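Asker: File follows, input_32.pdb with PDB, C-alpha atoms:
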```pdb
MODEL        1
ATOM      1  CA  MET A   1      27.125  13.960  59.842  1.00  0.00           C
ATOM      2  CA  ALA A   2      25.885  10.370  59.583  1.00  0.00           C
ATOM      3  CA  LYS A   3      28.546   7.830  60.538  1.00  0.00           C
ATOM      4  CA  ALA A   4      29.952   5.627  57.782  1.00  0.00           C
ATOM      5  CA  GLU A   5      28.575   2.090  58.005  1.00  0.00           C
ATOM      6  CA  VAL A   6      30.671  -0.931  57.029  1.00  0.00           C
ATOM      7  CA  LYS A   7      27.726  -2.504  55.194  1.00  0.00           C
ATOM      8  CA  GLU A   8      27.216   0.471  52.832  1.00  0.00           C
ATOM      9  CA  LEU A   9      30.946   0.668  52.156  1.00  0.00           C
ATOM     10  CA  LEU A  10      30.972  -3.052  51.330  1.00  0.00           C
ATOM     11  CA  GLU A  11      28.048  -2.652  48.911  1.00  0.00           C
ATOM     12  CA  ALA A  12      29.897   0.189  47.139  1.00  0.00           C
ATOM     13  CA  GLY A  13      33.012  -1.965  46.681  1.00  0.00           C
ATOM     14  CA  VAL A  14      35.197   0.296  48.815  1.00  0.00           C
ATOM     15  CA  HIS A  15      37.059  -2.801  50.094  1.00  0.00           C
ATOM     16  CA  PHE A  16      38.634  -3.846  46.781  1.00  0.00           C
ATOM     17  CA  GLY A  17      42.347  -3.038  46.706  1.00  0.00           C
ATOM     18  CA  HIS A  18      44.932  -3.660  43.975  1.00  0.00           C
ATOM     19  CA  LEU A  19      46.713  -6.832  42.939  1.00  0.00           C
ATOM     20  CA  THR A  20      48.953  -8.110  45.751  1.00  0.00           C
ATOM     21  CA  ARG A  21      52.073  -7.731  43.595  1.00  0.00           C
ATOM     22  CA  LYS A  22      51.347  -4.019  43.155  1.00  0.00           C
ATOM     23  CA  TRP A  23      50.840  -3.193  46.806  1.00  0.00           C
ATOM     24  CA  ASP A  24      52.770  -0.714  48.955  1.00  0.00           C
ATOM     25  CA  PRO A  25      53.894  -2.435  52.221  1.00  0.00           C
ATOM     26  CA  ASN A  26      53.102   0.755  54.160  1.00  0.00           C
ATOM     27  CA  MET A  27      49.412   0.005  53.554  1.00  0.00           C
ATOM     28  CA  ALA A  28      49.709  -3.231  55.569  1.00  0.00           C
ATOM     29  CA  PRO A  29      47.870  -1.811  58.648  1.00  0.00           C
ATOM     30  CA  TYR A  30      44.798  -1.185  56.470  1.00  0.00           C
ATOM     31  CA  VAL A  31      44.744  -4.552  54.647  1.00  0.00           C
ATOM     32  CA  TYR A  32      42.314  -7.146  56.010  1.00  0.00           C
ATOM     33  CA  MET A  33      43.246 -10.134  53.843  1.00  0.00           C
ATOM     34  CA  GLU A  34      44.189 -11.386  50.402  1.00  0.00           C
ATOM     35  CA  ARG A  35      41.627 -12.967  48.089  1.00  0.00           C
ATOM     36  CA  ASN A  36      42.289 -14.273  44.561  1.00  0.00           C
ATOM     37  CA  GLY A  37      45.489 -12.239  44.306  1.00  0.00           C
ATOM     38  CA  ILE A  38      43.793  -9.009  45.394  1.00  0.00           C
ATOM     39  CA  HIS A  39      44.171  -7.202  48.709  1.00  0.00           C
ATOM     40  CA  ILE A  40      40.977  -6.587  50.654  1.00  0.00           C
ATOM     41  CA  ILE A  41      40.837  -3.353  52.659  1.00  0.00           C
ATOM     42  CA  ASN A  42      39.687  -3.431  56.294  1.00  0.00           C
ATOM     43  CA  LEU A  43      36.405  -1.510  56.119  1.00  0.00           C
ATOM     44  CA  TYR A  44      36.170  -1.053  59.888  1.00  0.00           C
ATOM     45  CA  LYS A  45      39.314   1.067  59.639  1.00  0.00           C
ATOM     46  CA  THR A  46      37.958   2.836  56.556  1.00  0.00           C
ATOM     47  CA  ALA A  47      34.733   3.771  58.387  1.00  0.00           C
ATOM     48  CA  ALA A  48      36.713   5.101  61.368  1.00  0.00           C
ATOM     49  CA  LYS A  49      39.012   7.107  59.090  1.00  0.00           C
ATOM     50  CA  ILE A  50      36.076   8.605  57.163  1.00  0.00           C
ATOM     51  CA  ASP A  51      34.577   9.824  60.453  1.00  0.00           C
ATOM     52  CA  GLU A  52      37.927  11.197  61.634  1.00  0.00           C
ATOM     53  CA  ALA A  53      38.542  13.052  58.350  1.00  0.00           C
ATOM     54  CA  GLY A  54      34.934  14.282  58.335  1.00  0.00           C
ATOM     55  CA  GLN A  55      35.286  15.910  61.753  1.00  0.00           C
ATOM     56  CA  ALA A  56      38.499  17.684  60.727  1.00  0.00           C
ATOM     57  CA  LEU A  57      36.997  18.878  57.418  1.00  0.00           C
ATOM     58  CA  SER A  58      33.864  20.092  59.190  1.00  0.00           C
ATOM     59  CA  LYS A  59      35.995  22.285  61.489  1.00  0.00           C
ATOM     60  CA  ILE A  60      37.861  23.763  58.504  1.00  0.00           C
ATOM     61  CA  ALA A  61      34.571  24.553  56.736  1.00  0.00           C
ATOM     62  CA  ALA A  62      33.122  26.075  59.933  1.00  0.00           C
ATOM     63  CA  SER A  63      36.145  28.410  60.100  1.00  0.00           C
ATOM     64  CA  GLY A  64      35.225  29.796  56.659  1.00  0.00           C
ATOM     65  CA  ARG A  65      38.275  28.449  54.829  1.00  0.00           C
ATOM     66  CA  LYS A  66      38.314  26.546  51.535  1.00  0.00           C
ATOM     67  CA  ILE A  67      39.083  22.880  50.836  1.00  0.00           C
ATOM     68  CA  LEU A  68      40.471  22.171  47.347  1.00  0.00           C
ATOM     69  CA  PHE A  69      39.364  18.860  45.772  1.00  0.00           C
ATOM     70  CA  VAL A  70      41.757  17.234  43.294  1.00  0.00           C
ATOM     71  CA  ALA A  71      40.800  14.351  40.991  1.00  0.00           C
ATOM     72  CA  THR A  72      41.829  14.189  37.337  1.00  0.00           C
ATOM     73  CA  LYS A  73      41.070  10.505  36.700  1.00  0.00           C
ATOM     74  CA  LYS A  74      38.118   9.814  34.422  1.00  0.00           C
ATOM     75  CA  GLN A  75      35.942   7.880  36.887  1.00  0.00           C
ATOM     76  CA  ALA A  76      36.252  10.595  39.562  1.00  0.00           C
ATOM     77  CA  LYS A  77      35.943  13.839  37.544  1.00  0.00           C
ATOM     78  CA  ASP A  78      32.169  14.205  37.346  1.00  0.00           C
ATOM     79  CA  ILE A  79      31.583  12.993  40.906  1.00  0.00           C
ATOM     80  CA  VAL A  80      34.076  15.501  42.344  1.00  0.00           C
ATOM     81  CA  ALA A  81      32.708  18.357  40.211  1.00  0.00           C
ATOM     82  CA  GLU A  82      29.174  17.625  41.449  1.00  0.00           C
ATOM     83  CA  LYS A  83      29.965  17.050  45.141  1.00  0.00           C
ATOM     84  CA  ALA A  84      32.418  19.952  45.483  1.00  0.00           C
ATOM     85  CA  GLY A  85      30.174  22.241  43.424  1.00  0.00           C
ATOM     86  CA  ASN A  86      27.187  21.508  45.685  1.00  0.00           C
ATOM     87  CA  ILE A  87      29.087  22.680  48.768  1.00  0.00           C
ATOM     88  CA  ASN A  88      30.725  25.617  46.968  1.00  0.00           C
ATOM     89  CA  MET A  89      34.276  24.298  47.286  1.00  0.00           C
ATOM     90  CA  PRO A  90      36.975  24.701  44.585  1.00  0.00           C
ATOM     91  CA  TYR A  91      38.106  21.680  42.575  1.00  0.00           C
ATOM     92  CA  ILE A  92      40.579  20.617  39.885  1.00  0.00           C
ATOM     93  CA  THR A  93      39.356  17.884  37.535  1.00  0.00           C
ATOM     94  CA  GLU A  94      41.440  18.692  34.481  1.00  0.00           C
ATOM     95  CA  ARG A  95      45.238  18.622  34.348  1.00  0.00           C
ATOM     96  CA  TRP A  96      46.871  19.922  37.556  1.00  0.00           C
ATOM     97  CA  PRO A  97      48.349  23.366  36.714  1.00  0.00           C
ATOM     98  CA  GLY A  98      51.998  23.233  37.832  1.00  0.00           C
ATOM     99  CA  GLY A  99      52.569  25.773  40.601  1.00  0.00           C
ATOM    100  CA  MET A 100      48.875  25.864  41.458  1.00  0.00           C
ATOM    101  CA  LEU A 101      49.829  26.175  45.135  1.00  0.00           C
ATOM    102  CA  THR A 102      53.538  27.065  45.168  1.00  0.00           C
ATOM    103  CA  ASN A 103      53.064  29.818  42.566  1.00  0.00           C
ATOM    104  CA  PHE A 104      49.534  30.826  43.507  1.00  0.00           C
ATOM    105  CA  VAL A 105      50.043  34.504  42.590  1.00  0.00           C
ATOM    106  CA  THR A 106      50.568  33.570  38.918  1.00  0.00           C
ATOM    107  CA  ILE A 107      47.492  31.323  38.941  1.00  0.00           C
ATOM    108  CA  ARG A 108      45.438  34.187  40.390  1.00  0.00           C
ATOM    109  CA  LYS A 109      46.647  36.418  37.527  1.00  0.00           C
ATOM    110  CA  ALA A 110      45.309  33.866  35.033  1.00  0.00           C
ATOM    111  CA  VAL A 111      41.946  33.844  36.839  1.00  0.00           C
ATOM    112  CA  LYS A 112      41.885  37.673  36.759  1.00  0.00           C
ATOM    113  CA  LYS A 113      42.596  37.515  33.024  1.00  0.00           C
ATOM    114  CA  MET A 114      39.416  35.461  32.664  1.00  0.00           C
ATOM    115  CA  ALA A 115      37.468  38.134  34.576  1.00  0.00           C
ATOM    116  CA  ALA A 116      39.023  40.866  32.403  1.00  0.00           C
ATOM    117  CA  ILE A 117      37.805  39.126  29.229  1.00  0.00           C
ATOM    118  CA  ASP A 118      34.305  38.931  30.739  1.00  0.00           C
ATOM    119  CA  ARG A 119      34.420  42.683  31.438  1.00  0.00           C
ATOM    120  CA  MET A 120      35.501  43.332  27.827  1.00  0.00           C
ATOM    121  CA  LYS A 121      32.411  41.493  26.629  1.00  0.00           C
ATOM    122  CA  LYS A 122      30.151  43.480  28.940  1.00  0.00           C
ATOM    123  CA  ASP A 123      31.492  46.974  28.181  1.00  0.00           C
ATOM    124  CA  GLY A 124      31.611  46.439  24.405  1.00  0.00           C
ATOM    125  CA  THR A 125      35.429  46.482  24.021  1.00  0.00           C
ATOM    126  CA  PHE A 126      35.291  42.908  22.739  1.00  0.00           C
ATOM    127  CA  ASN A 127      33.137  43.924  19.765  1.00  0.00           C
ATOM    128  CA  SER A 128      35.693  46.518  18.655  1.00  0.00           C
ATOM    129  CA  LEU A 129      38.292  43.783  18.064  1.00  0.00           C
ATOM    130  CA  SER A 130      38.824  42.175  14.678  1.00  0.00           C
ATOM    131  CA  LYS A 131      37.216  38.810  13.933  1.00  0.00           C
ATOM    132  CA  LYS A 132      40.568  37.033  14.312  1.00  0.00           C
ATOM    133  CA  GLU A 133      41.303  38.732  17.650  1.00  0.00           C
ATOM    134  CA  ARG A 134      37.830  37.877  18.977  1.00  0.00           C
ATOM    135  CA  LEU A 135      38.386  34.237  18.048  1.00  0.00           C
ATOM    136  CA  GLN A 136      41.751  34.204  19.856  1.00  0.00           C
ATOM    137  CA  VAL A 137      40.270  35.799  22.964  1.00  0.00           C
ATOM    138  CA  ASP A 138      37.365  33.325  22.970  1.00  0.00           C
ATOM    139  CA  ARG A 139      39.775  30.395  22.712  1.00  0.00           C
ATOM    140  CA  GLN A 140      41.883  31.784  25.544  1.00  0.00           C
ATOM    141  CA  ARG A 141      38.770  32.283  27.704  1.00  0.00           C
ATOM    142  CA  ALA A 142      37.566  28.719  27.013  1.00  0.00           C
ATOM    143  CA  LYS A 143      40.968  27.273  27.936  1.00  0.00           C
ATOM    144  CA  LEU A 144      41.138  29.260  31.160  1.00  0.00           C
ATOM    145  CA  GLU A 145      37.571  28.258  32.059  1.00  0.00           C
ATOM    146  CA  LYS A 146      38.319  24.581  31.479  1.00  0.00           C
ATOM    147  CA  ASN A 147      41.432  24.569  33.651  1.00  0.00           C
ATOM    148  CA  LEU A 148      40.710  27.231  36.250  1.00  0.00           C
ATOM    149  CA  GLY A 149      36.993  28.013  36.145  1.00  0.00           C
ATOM    150  CA  SER A 150      36.266  25.908  39.216  1.00  0.00           C
ATOM    151  CA  ILE A 151      38.769  27.858  41.352  1.00  0.00           C
ATOM    152  CA  SER A 152      37.754  31.373  40.245  1.00  0.00           C
ATOM    153  CA  ASP A 153      36.368  32.130  43.738  1.00  0.00           C
ATOM    154  CA  MET A 154      39.490  30.894  45.548  1.00  0.00           C
ATOM    155  CA  THR A 155      41.205  34.171  46.468  1.00  0.00           C
ATOM    156  CA  ARG A 156      43.801  32.624  48.790  1.00  0.00           C
ATOM    157  CA  LEU A 157      45.532  29.292  49.322  1.00  0.00           C
ATOM    158  CA  PRO A 158      43.210  26.493  50.452  1.00  0.00           C
ATOM    159  CA  ALA A 159      43.257  25.351  54.084  1.00  0.00           C
ATOM    160  CA  ALA A 160      43.342  21.694  52.974  1.00  0.00           C
ATOM    161  CA  LEU A 161      43.502  19.396  49.954  1.00  0.00           C
ATOM    162  CA  PHE A 162      41.239  16.406  49.351  1.00  0.00           C
ATOM    163  CA  VAL A 163      42.834  14.070  46.805  1.00  0.00           C
ATOM    164  CA  ILE A 164      41.646  10.973  44.981  1.00  0.00           C
ATOM    165  CA  ASP A 165      44.561   8.747  43.890  1.00  0.00           C
ATOM    166  CA  ILE A 166      47.721  10.184  45.421  1.00  0.00           C
ATOM    167  CA  LYS A 167      49.961   8.364  42.926  1.00  0.00           C
ATOM    168  CA  ARG A 168      48.303  10.121  40.007  1.00  0.00           C
ATOM    169  CA  GLU A 169      48.174  13.498  41.777  1.00  0.00           C
ATOM    170  CA  HIS A 170      51.765  13.341  43.082  1.00  0.00           C
ATOM    171  CA  ILE A 171      52.570  16.898  41.927  1.00  0.00           C
ATOM    172  CA  ALA A 172      49.636  18.319  43.919  1.00  0.00           C
ATOM    173  CA  ILE A 173      50.746  16.271  46.941  1.00  0.00           C
ATOM    174  CA  LYS A 174      54.321  17.619  46.737  1.00  0.00           C
ATOM    175  CA  GLU A 175      53.149  21.231  46.437  1.00  0.00           C
ATOM    176  CA  ALA A 176      50.842  20.863  49.457  1.00  0.00           C
ATOM    177  CA  GLN A 177      53.655  19.266  51.472  1.00  0.00           C
ATOM    178  CA  LYS A 178      56.001  22.180  50.661  1.00  0.00           C
ATOM    179  CA  LEU A 179      53.460  24.652  52.018  1.00  0.00           C
ATOM    180  CA  ASN A 180      52.392  22.475  54.994  1.00  0.00           C
ATOM    181  CA  ILE A 181      48.804  22.299  53.727  1.00  0.00           C
ATOM    182  CA  PRO A 182      46.987  19.321  55.337  1.00  0.00           C
ATOM    183  CA  ILE A 183      46.239  16.516  52.865  1.00  0.00           C
ATOM    184  CA  PHE A 184      43.105  14.361  53.055  1.00  0.00           C
ATOM    185  CA  ALA A 185      42.952  11.484  50.563  1.00  0.00           C
ATOM    186  CA  MET A 186      41.407   8.226  49.448  1.00  0.00           C
ATOM    187  CA  VAL A 187      44.430   5.903  49.496  1.00  0.00           C
ATOM    188  CA  ASP A 188      44.420   2.556  47.681  1.00  0.00           C
ATOM    189  CA  THR A 189      46.684  -0.418  48.502  1.00  0.00           C
ATOM    190  CA  ASN A 190      49.214   0.551  45.800  1.00  0.00           C
ATOM    191  CA  SER A 191      50.018   3.936  47.424  1.00  0.00           C
ATOM    192  CA  ASP A 192      52.147   5.177  50.318  1.00  0.00           C
ATOM    193  CA  PRO A 193      49.863   6.512  53.091  1.00  0.00           C
ATOM    194  CA  ARG A 194      52.768   8.296  54.795  1.00  0.00           C
ATOM    195  CA  GLN A 195      52.370  11.156  52.294  1.00  0.00           C
ATOM    196  CA  VAL A 196      48.909  11.949  53.645  1.00  0.00           C
ATOM    197  CA  ASP A 197      47.801  13.588  56.915  1.00  0.00           C
ATOM    198  CA  TYR A 198      44.302  12.058  56.915  1.00  0.00           C
ATOM    199  CA  VAL A 199      44.260   8.653  55.217  1.00  0.00           C
ATOM    200  CA  ILE A 200      40.991   7.080  54.042  1.00  0.00           C
ATOM    201  CA  PRO A 201      41.943   3.540  52.927  1.00  0.00           C
ATOM    202  CA  ALA A 202      39.618   2.853  49.995  1.00  0.00           C
ATOM    203  CA  ASN A 203      39.235   1.685  46.418  1.00  0.00           C
ATOM    204  CA  ASP A 204      40.077   4.825  44.394  1.00  0.00           C
ATOM    205  CA  ASP A 205      39.363   3.281  40.977  1.00  0.00           C
ATOM    206  CA  ALA A 206      35.628   2.474  41.102  1.00  0.00           C
ATOM    207  CA  SER A 207      33.130   5.317  40.686  1.00  0.00           C
ATOM    208  CA  LYS A 208      30.725   3.735  43.227  1.00  0.00           C
ATOM    209  CA  SER A 209      33.446   3.666  45.866  1.00  0.00           C
ATOM    210  CA  ILE A 210      34.515   7.252  45.136  1.00  0.00           C
ATOM    211  CA  GLU A 211      30.905   8.445  45.204  1.00  0.00           C
ATOM    212  CA  LYS A 212      30.214   6.752  48.552  1.00  0.00           C
ATOM    213  CA  VAL A 213      33.273   8.199  50.311  1.00  0.00           C
ATOM    214  CA  LEU A 214      32.765  11.667  48.830  1.00  0.00           C
ATOM    215  CA  SER A 215      29.112  11.695  49.928  1.00  0.00           C
ATOM    216  CA  HIS A 216      30.226  11.342  53.558  1.00  0.00           C
ATOM    217  CA  VAL A 217      32.975  13.940  53.107  1.00  0.00           C
ATOM    218  CA  ALA A 218      30.586  16.432  51.464  1.00  0.00           C
ATOM    219  CA  ASP A 219      28.012  15.899  54.250  1.00  0.00           C
ATOM    220  CA  ALA A 220      30.661  16.648  56.873  1.00  0.00           C
ATOM    221  CA  ILE A 221      31.728  19.851  55.105  1.00  0.00           C
ATOM    222  CA  SER A 222      28.093  20.844  54.616  1.00  0.00           C
ATOM    223  CA  GLY A 223      27.571  20.412  58.373  1.00  0.00           C
ATOM    224  CA  GLY A 224      30.509  22.721  59.078  1.00  0.00           C
ATOM    225  CA  LEU A 225      29.133  25.345  56.682  1.00  0.00           C
ATOM    226  CA  ALA A 226      25.699  25.132  58.335  1.00  0.00           C
ATOM    227  CA  GLU A 227      27.333  25.600  61.740  1.00  0.00           C
ATOM    228  CA  ARG A 228      29.135  28.704  60.483  1.00  0.00           C
ATOM    229  CA  LYS A 229      25.902  30.148  59.060  1.00  0.00           C
ATOM    230  CA  ALA A 230      24.051  29.495  62.341  1.00  0.00           C
ATOM    231  CA  GLU A 231      26.792  31.294  64.302  1.00  0.00           C
ATOM    232  CA  LYS A 232      26.652  34.268  61.915  1.00  0.00           C
ATOM    233  CA  ASP A 233      22.851  34.468  62.176  1.00  0.00           C
ATOM    234  CA  ALA A 234      23.030  34.266  65.983  1.00  0.00           C
ATOM    235  CA  SER A 235      25.636  37.038  66.039  1.00  0.00           C
ATOM    236  CA  LYS A 236      23.422  39.235  63.849  1.00  0.00           C
ATOM    237  CA  SER A 237      20.374  38.697  66.069  1.00  0.00           C
ATOM    238  CA  ASP A 238      22.468  39.525  69.170  1.00  0.00           C
ATOM    239  CA  ASP A 239      23.768  42.715  67.557  1.00  0.00           C
ATOM    240  CA  ALA A 240      20.328  43.901  66.408  1.00  0.00           C
ATOM    241  CA  PRO A 241      19.060  45.105  69.867  1.00  0.00           C
ATOM    242  CA  LYS A 242      22.435  46.794  70.516  1.00  0.00           C
ATOM    243  CA  ALA A 243      22.292  48.609  67.174  1.00  0.00           C
ATOM    244  CA  LYS A 244      18.692  49.646  67.885  1.00  0.00           C
ATOM    245  CA  ALA A 245      19.611  50.994  71.325  1.00  0.00           C
ATOM    246  CA  LYS A 246      22.625  52.824  69.886  1.00  0.00           C
ATOM    247  CA  ALA A 247      20.460  54.440  67.195  1.00  0.00           C
ATOM    248  CA  ALA A 248      17.878  55.495  69.791  1.00  0.00           C
ATOM    249  CA  THR A 249      20.581  57.044  72.005  1.00  0.00           C
ATOM    250  CA  LYS A 250      22.025  58.927  69.016  1.00  0.00           C
ATOM    251  CA  LYS A 251      18.567  60.183  68.050  1.00  0.00           C
ATOM    252  CA  LYS A 252      17.919  61.369  71.615  1.00  0.00           C
ATOM    253  CA  ALA A 253      21.276  63.145  71.772  1.00  0.00           C
ATOM    254  CA  THR A 254      20.586  64.894  68.443  1.00  0.00           C
ATOM    255  CA  ALA A 255      17.161  66.008  69.671  1.00  0.00           C
ATOM    256  CA  GLU A 256      18.664  67.418  72.880  1.00  0.00           C
ATOM    257  CA  GLU A 257      21.288  69.354  70.883  1.00  0.00           C
ATOM    258  CA  GLU A 258      18.586  70.906  68.699  1.00  0.00           C
ATOM    259  CA  GLU A 259      16.686  72.069  71.802  1.00  0.00           C
TER     260      GLU A 259
ENDMDL
END
```
Step by step, read the file and then write its structure as structure tokens.
Answerer:
Amino acid sequence: MAKAEVKELLEAGVHFGHLTRKWDPNMAPYVYMERNGIHIINLYKTAAKIDEAGQALSKIAASGRKILFVATKKQAKDIVAEKAGNINMPYITERWPGGMLTNFVTIRKAVKKMAAIDRMKKDGTFNSLSKKERLQVDRQRAKLEKNLGSISDMTRLPAALFVIDIKREHIAIKEAQKLNIPIFAMVDTNSDPRQVDYVIPANDDASKSIEKVLSHVADAISGGLAERKAEKDASKSDDAPKAKAKAATKKKATAEEEE
């Protein structure tokens, strides 16, 4: 993973915080100065925190576990969907479904319902329904796809959450805290960083800033996934001679029995 550079973060506007009157005093360690009534974030600390979070996320990805991305604000939706989709990680960009984590069994049932509708369409059952029933089923499928389609492959609770704007996603934060799921987040100057395990002090309102931080995060996760694949491939190549020798021994033993 390439280290985050202060210059690139500056060019992306990662340093712009909120109005000074809207700040959370707990963000003081990450504030560099005040300019024209706006807090400026210390990008040296941001760069260090991106690298720290990246290393932790890379380890999670290398272990084969999932990281759930959460961002329902307009300027972050498409970026998160693209970045998380590219690394095959689940994401929520529509409304957060209450109980997504704390009542995961129910959420999984809804995802299975979506799969059941797909099976109906494949085996022809769907066509035997009346026009009105088909319309209702289609609407239900579309709604489920919109809200839960991006987590259809998530068969168990995620190993971590990556959140953009912890004030907006406070329900997701509370659910993760209840279950002791580590929280990684972009935290702006108007938020309380004590709610997050891995704080990345950054402008969470500008799409350029979000895109820049997420690029580094996605690269780190991608590195962890590549590491996992390399280990699997190495394990397979190590097992191949053993399997060959075992097969040869078995063949020899069978031949001796026949004699």
Asker: I'd like the interatomic distance between atom CA of A:Lys45 and atom CA of A:Phe184, to a tenth of an Å.
Answerer: 15.3 Å
Asker: Give as a list in words the residues that the PyMOL selection byres ((chain A and resi 57) around 9) matches when applied to the coordinates above.
Answerer: Glu52, Ala53, Gly54, Gln55, Ala56, Ser58, Lys59, Ile60, Ala61, Ala62, Ile67, Ala160, Phe184, Val217, Ala220, Ile221 and Gly224 of chain A
Asker: I'd like the contact shell of A:Ala12 - 12 Å cut-off, all atoms listed in the file, skipping same-chain residues fewer than 2 positions apart - returned as a list in words.
Answerer: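 Using all atoms listed in the file, the neighbours found are Ala4, Glu5, Val6, Lys7, Glu8, Leu9, Leu10, Val14, His15, Phe16, Leu43, Ala202, Asn203, Asp204, Asp205, Ala206, Ser207, Lys208, Ser209, Ile210, Glu211, Lys212, Val213, Leu214 and Ser215 of chain A.
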Asker: For A:Gln195, which of A:Pro182, A:Gly17, A:Pro29, A:Gly98 is the closest residue, counting all atoms listed in the file?
Answerer: A:Pro182
Asker: Applied to this file, what does the PyMOL selection byres ((chain A and resi 97) around 12) return in terms of residues, put as a list in words?
Answerer: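 Taken on the displayed file, the PyMOL selection byres ((chain A and resi 97) around 12) yields the residues Val70, Thr72, Tyr91, Ile92, Thr93, Glu94, Arg95, Trp96, Gly98, Gly99, Met100, Leu101, Thr102, Asn103, Phe104, Thr106, Ile107, Arg108, Ala110, Leu144, Lys146, Asn147, Leu148, Ile151, Glu169, Ile171, Ala172 and Glu175 of chain A.
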Asker: Just to confirm, what's the straight-line distance from atom CA of A:His39 to atom CA of A:Thr189 in Å (one decimal)?
Answerer: 7.2 Å
Asker: Enumerate, as a PyMOL selection string, the residues matched when the PyMOL selection byres ((chain A and resi 112) around 12) is run on the file above.
Answerer: chain A and resi 105-111+113-119+141+144-145+148-149+151-155
Asker: List the residues sitting within 12 Å of (49.7, 14.0, 51.2) in the file's frame, using all atoms listed in the file, as a PyMOL selection string.
Answerer: chain A and resi 70+160-187+191-200
Asker: Could you tell me how far atom CA of A:Pro201 sits from atom CA of A:Val31, in Å to one decimal place?
Answerer: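 That distance, rounded to one decimal, is 8.7 Å.
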Asker: From the list A:Asp24, A:Asp233, A:Asp219, A:Glu227, which residue is nearest A:Ile50 when using only C-alpha atoms?
Answerer: A:Asp219
Asker: Nearest to A:Arg65 among A:Arg228, A:Lys22, A:Lys83, A:Lys49, with distances taken over only C-alpha atoms: which residue is it?
Answerer: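 Once distances to A:Arg65 are computed over only C-alpha atoms, the minimum belongs to A:Arg228.
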